[in-house]
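Participant: Below: one structure in structure tokens.
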Amino acid sequence: MAEIPVILLAAGGSIRMGRPKQLLNWDNNTLIEHQIETIRKTGNRLFVVLGAYSEAIIPLIEKKGVEIIINNRWQSGMGSSISEGFSGAVKLVPDADGIMITLTDQPLIPAEHYKNLITKFQPGRQNIIVSASGKVHSGAPVVFDKYYFPELKSLAGDKGARTVIELHKHNVITVECERILDDLDTTEDYVRLLN
């Protein structure tokens, strides 16, 4: 079976939300705890990248069986969080065949979808397995073959994993997710997804 560590990005400052979305109430838990519990059902090793609000988040998750990575450059953008998370993950899982990148603010994604992405992945084929929800969304959660590790490591600033996906469209495989993949950026989004 392929070795695919998972990076959960949770370093952002929630500027548009106006409060830490990682700590929003969700399903009798915080949003980040909900995501950790969902992703851990895959059985894959989980790395959580923190930045803003890390002091408030760490006590909630440090006993959840995850590896915590702190991105001190979180304000520079998602690219730096991916790079930090990637570097930490491959250091502890040097034989990784690929890596999954996912977001804290997509709480409607069920564990089955993460498992489907992993099932579709075939090591050594240079595949990028992306999530899709009709024509509305494609992207995270996404699994990258180790072929793309140098590009993921070099990400910086606001350049996220989408730049790697766009460069290698010919190797992209989409996996439909029946549940909505919208992320949660504003209070309006939060209320809508709760309902």
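Here, A, B, ... name the chains of the structure tokens in the order displayed, residue numbers run from 1 inside each chain, and ligands are numbered from 1 in the same displayed order.
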Find the residues around Glu33 of chain A up to 12 Å (only C-alpha atoms counted), leave out those fewer than 6 positions away in its own chain, and share them as a list of chain:residue names.
Facilitator: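 Returned residues: A:Leu8, A:Ala10, A:Lys21, A:Gln22, A:Leu23, A:Leu24, A:Asn25, A:Trp26, A:Asp27, A:Ile39, A:Arg40, A:Val48, A:Ile57, A:Ile58, A:Pro59, A:Leu60, A:Ile61, A:Glu62, A:Lys63, A:Lys64, A:Gly65, A:Val66, A:Thr104, A:Asp105, A:Pro107.
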Participant: Using C-alpha atoms, can you write the selected residues to a file as an mmCIF file, in the first residue's frame?
Facilitator:
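Result saved to again03.cif:
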data_model
loop_
_atom_site.group_PDB
_atom_site.id
_atom_site.type_symbol
_atom_site.label_atom_id
_atom_site.label_comp_id
_atom_site.auth_asym_id
_atom_site.auth_seq_id
_atom_site.Cartn_x
_atom_site.Cartn_y
_atom_site.Cartn_z
ATOM 1 C CA LEU A 8 -3.687 19.687 6.928
ATOM 2 C CA ALA A 10 -4.384 25.412 9.390
ATOM 3 C CA LYS A 21 -11.954 29.786 11.773
ATOM 4 C CA GLN A 22 -9.873 26.887 13.099
ATOM 5 C CA LEU A 23 -11.681 27.426 16.428
ATOM 6 C CA LEU A 24 -15.233 27.798 15.095
ATOM 7 C CA ASN A 25 -17.805 25.432 16.587
ATOM 8 C CA TRP A 26 -18.510 22.485 14.324
ATOM 9 C CA ASP A 27 -20.350 19.286 15.159
ATOM 10 C CA ILE A 39 -8.899 12.654 8.230
ATOM 11 C CA ARG A 40 -7.508 10.258 10.841
ATOM 12 C CA VAL A 48 -1.011 19.834 10.899
ATOM 13 C CA ILE A 57 -4.840 25.578 18.873
ATOM 14 C CA ILE A 58 -1.941 23.444 20.149
ATOM 15 C CA PRO A 59 -3.574 22.543 23.507
ATOM 16 C CA LEU A 60 -6.651 21.287 21.607
ATOM 17 C CA ILE A 61 -4.793 18.986 19.227
ATOM 18 C CA GLU A 62 -1.473 17.982 20.803
ATOM 19 C CA LYS A 63 -2.938 14.707 22.103
ATOM 20 C CA LYS A 64 -4.807 13.846 18.892
ATOM 21 C CA GLY A 65 -2.062 11.686 17.400
ATOM 22 C CA VAL A 66 -0.924 14.268 14.860
ATOM 23 C CA THR A 104 -9.131 23.019 7.549
ATOM 24 C CA ASP A 105 -12.048 24.986 6.141
ATOM 25 C CA PRO A 107 -15.754 20.528 6.874
#
Participant: Select from chain A everything DSSP, run on the backbone, classes as strand (DSSP E), then give the selection as a PyMOL selection string.
Facilitator: chain A and resi 6-10+25-26+29-30+46-50+67-70+98-103+128-133+137-145+172-176
Participant: Would you export the selected residues with C-alpha atoms as a CSV table (one decimal), in the first residue's frame, please?
Facilitator:
chain,number,residue,atom,x,y,z
A,6,VAL,CA,-1.5,14.1,4.9
A,7,ILE,CA,-0.8,17.8,5.4
A,8,LEU,CA,-3.7,19.7,6.9
A,9,LEU,CA,-3.2,23.4,6.4
A,10,ALA,CA,-4.4,25.4,9.4
A,25,ASN,CA,-17.8,25.4,16.6
A,26,TRP,CA,-18.5,22.5,14.3
A,29,ASN,CA,-16.2,20.4,18.4
A,30,THR,CA,-13.9,23.0,17.0
A,46,LEU,CA,-1.3,13.4,9.6
A,47,PHE,CA,0.7,16.6,9.8
A,48,VAL,CA,-1.0,19.8,10.9
A,49,VAL,CA,0.6,23.1,9.8
A,50,LEU,CA,-0.1,26.0,12.3
A,67,GLU,CA,2.4,15.9,14.1
A,68,ILE,CA,2.4,19.7,14.6
A,69,ILE,CA,4.4,21.9,12.3
A,70,ILE,CA,4.7,25.6,13.0
A,98,GLY,CA,3.1,10.8,-2.5
A,99,ILE,CA,1.5,13.5,-0.3
A,100,MET,CA,-2.0,14.7,0.3
A,101,ILE,CA,-2.7,18.4,0.9
A,102,THR,CA,-6.0,19.4,2.5
A,103,LEU,CA,-7.6,22.4,4.1
A,128,ILE,CA,-2.1,14.4,-9.4
A,129,ILE,CA,-5.4,13.3,-7.8
A,130,VAL,CA,-7.7,16.3,-7.3
A,131,SER,CA,-11.2,16.6,-5.8
A,132,ALA,CA,-14.0,17.9,-7.9
A,133,SER,CA,-17.6,18.9,-7.2
A,137,HIS,CA,-14.7,23.3,-7.6
A,138,SER,CA,-11.6,21.3,-8.3
A,139,GLY,CA,-8.5,21.2,-6.2
A,140,ALA,CA,-8.0,20.4,-2.5
A,141,PRO,CA,-8.0,17.8,-1.1
A,142,VAL,CA,-5.3,16.7,-3.6
A,143,VAL,CA,-2.7,14.0,-3.7
A,144,PHE,CA,0.6,14.6,-5.5
A,145,ASP,CA,3.0,11.9,-6.6
A,172,VAL,CA,-4.5,15.3,-13.4
A,173,ILE,CA,-7.1,12.7,-12.4
A,174,THR,CA,-10.3,14.1,-10.8
A,175,VAL,CA,-12.4,12.3,-8.1
A,176,GLU,CA,-15.9,13.5,-7.7
Participant: For Glu84 of chain A, which residue among A:Arg19, A:His168, A:Arg192, A:Lys153 is the nearest when counting only C-alpha atoms?
Facilitator: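 Counting only C-alpha atoms, the residue closest to Glu84 of chain A is A:Lys153.
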Participant: Identify which of the residues A:Gly79, A:Gly160, A:Gly134, A:Gly43 lies closest to Glu112 of chain A, counting only C-alpha atoms when measuring atom-to-atom distances.
Facilitator: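 Under the stated criterion, the closest residue is A:Gly43.
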Participant: Assign secondary structure with DSSP using the backbone only, and return the residues of chain A in helix (DSSP H, G or I) as number ranges by chain.
Facilitator: A: 21-23, 31-40, 54-61, 74-76, 78-92, 111-120, 146-153, 162-167, 169-171, 187-194
Participant: Atom CA of His113 of chain A and atom CA of Thr42 of chain A are how many Å apart?
Facilitator: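 Computing it gives 9.6 Å between the two atoms.
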Participant: Extract, using only C-alpha atoms, all DNA, RNA and protein residues at most 8 Å from Val164 of chain A, discarding same-chain residues fewer than 6 positions from it, and format them as a ChimeraX atom specification.
Facilitator: /A:148,151-152
Participant: Using only C-alpha atoms, please write the residues we just selected to a file, as a compact mmCIF listing (two decimals), in the first residue's frame.
Facilitator:
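Generated output (again-v1.txt):
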# COMPACT_ATOMS: atom_id res chain seq x y z
CA TYR A 148 6.25 16.79 -7.70
CA GLU A 151 7.96 21.85 -6.83
CA LEU A 152 5.96 21.61 -3.61
Participant: For each of A:Val90, A:Leu155, A:Leu31, A:Met78, take the minimum atom-to-atom distance to Ala11 of chain A, counting only C-alpha atoms, then give the residue where this is smallest.
Facilitator: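 Distance minimum relative to Ala11 of chain A lands on A:Met78.
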Participant: Hey, what's within 9 Å of Pro123 of chain A if we count only C-alpha atoms and toss same-chain stuff fewer than 4 positions away? As number ranges by chain, please?
Facilitator: A: 2-3, 97-98, 127, 145-146
Participant: Taking only C-alpha atoms into account, which of A:Ser87, A:Asn28, A:Thr38, A:Ser14 comes nearest Ala52 of chain A?
Facilitator: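 Once distances to Ala52 of chain A are computed over only C-alpha atoms, the minimum belongs to A:Ser14.
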Participant: Applying 7 Å and only C-alpha atoms, which residues near Ala89 of chain A remain after dropping the ones on its own chain fewer than 4 positions away? List them as a PyMOL selection string.
Facilitator: chain A and resi 5+47+85+93
Participant: Please provide the set of residues having any atom within 10 Å of Leu193 of chain A, restricted to only C-alpha atoms, with same-chain residues fewer than 5 positions apart removed, written as a PyMOL selection string.
Facilitator: chain A and resi 106-108+180+182-184+187-188
Participant: What's the 7 Å shell around Ser80 of chain A, counting only C-alpha atoms, without same-chain residues fewer than 6 positions away, as a list in words?
Facilitator: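 So, after excluding close chain neighbours, the residues are Arg73, Trp74, Leu155, Ala156 and Gly157 of chain A.
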Participant: Determine the nearest neighbour of Lys41 of chain A from the options A:Arg125, A:Leu194, A:Tyr114, A:Asn171, counting only C-alpha atoms.
Facilitator: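 Using only C-alpha atoms, the shortest distance to Lys41 of chain A belongs to A:Tyr114.
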